[in-house]
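K.L.:
Handing you this structure, nothing more for now.
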Amino acid sequence: MSHPDYQFPPFDHFQFGNVFCGSLGPLRWRVEPLPKAEPPSIRGWWWENGLCFERREEGCPEKDFPLSPEGLEELQNWLGQK
């Protein structure tokens, strides 16, 4: 189950190719749709060094999920385990 403080935009946001970044305390995350991947997917990253995506620590966890409302929910649950 995803953390109740993790706020995500609706699936349409990602369906239109938009990226989303968020934070909660020192935890940072980025969600990026990959519509041209085969199959289309949505990729999530999280890191805890409190810096921006470009300056995150190397080897931070990342994972791909299906580009669908269910995939977005899976991604939120994955992040909620942190």
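Naming scheme: A, B, ... for chains in displayed order of the structure tokens; residues 1 onward per chain; ligands 1 onward as shown.
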Residues near stretch 39-43 of chain A, anyone? I mean within 7 Å using only C-alpha atoms, not counting same-chain ones fewer than 2 positions away, as an NGL selection string.
P.N.:
:A and (31-37 or 45 or 62-67)
K.L.:
Near A:Gly59, within 12 Å and counting only C-alpha atoms, which residues show up once chain neighbours fewer than 6 positions away are dropped, as a VMD selection string?
P.N.:
chain A and resid 45 to 48
K.L.:
Out of A:Trp78, A:Tyr6, A:Pro61, A:Glu70, which residue has the shortest atom-to-atom distance to A:Gly25 when counting only C-alpha atoms?
P.N.:
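When distances to A:Gly25 are compared using only C-alpha atoms, the smallest one comes from A:Tyr6.
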K.L.:
Could you jot down the atom CA of A:Gly71 to atom CA of A:Gly44 separation for me, Å, one decimal place?
P.N.:
10.7 Å
K.L.:
Mind the document's chain letters and residue numbers, and return as an MDAnalysis selection string the residues of chain A that DSSP labels strand (DSSP E).
P.N.:
chainID A and resid 20:24 27:34 41:47 62:66
K.L.:
Can you check which residues of chain A DSSP gives as alpha helix (DSSP H) on the backbone and send them as a list in words?
P.N.:
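The alpha helix (DSSP H) residues within chain A come out as Phe11, Asp12, His13, Phe14, Gln15, Pro69, Glu70, Gly71, Leu72, Glu73, Glu74, Leu75, Gln76, Asn77, Trp78, Leu79 and Gly80 of chain A.
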K.L.:
Convert the current residue selection to file output with C-alpha atoms, as a tab-separated table (two decimals), in the first residue's frame.
P.N.:
```tsv
chain	number	residue	atom	x	y	z
A	11	PHE	CA	-2.67	8.75	-14.77
A	12	ASP	CA	-3.55	11.20	-17.58
A	13	HIS	CA	-0.58	13.32	-16.52
A	14	PHE	CA	1.77	10.47	-17.49
A	15	GLN	CA	-0.27	9.40	-20.51
A	69	PRO	CA	-3.37	3.06	-14.27
A	70	GLU	CA	-2.55	-0.30	-12.68
A	71	GLY	CA	1.15	0.19	-13.40
A	72	LEU	CA	1.06	3.61	-11.75
A	73	GLU	CA	-0.58	2.04	-8.71
A	74	GLU	CA	2.15	-0.64	-8.62
A	75	LEU	CA	4.79	2.10	-8.77
A	76	GLN	CA	3.14	3.95	-5.88
A	77	ASN	CA	3.09	0.73	-3.85
A	78	TRP	CA	6.77	0.12	-4.66
A	79	LEU	CA	7.60	3.62	-3.44
A	80	GLY	CA	5.37	3.14	-0.38
```
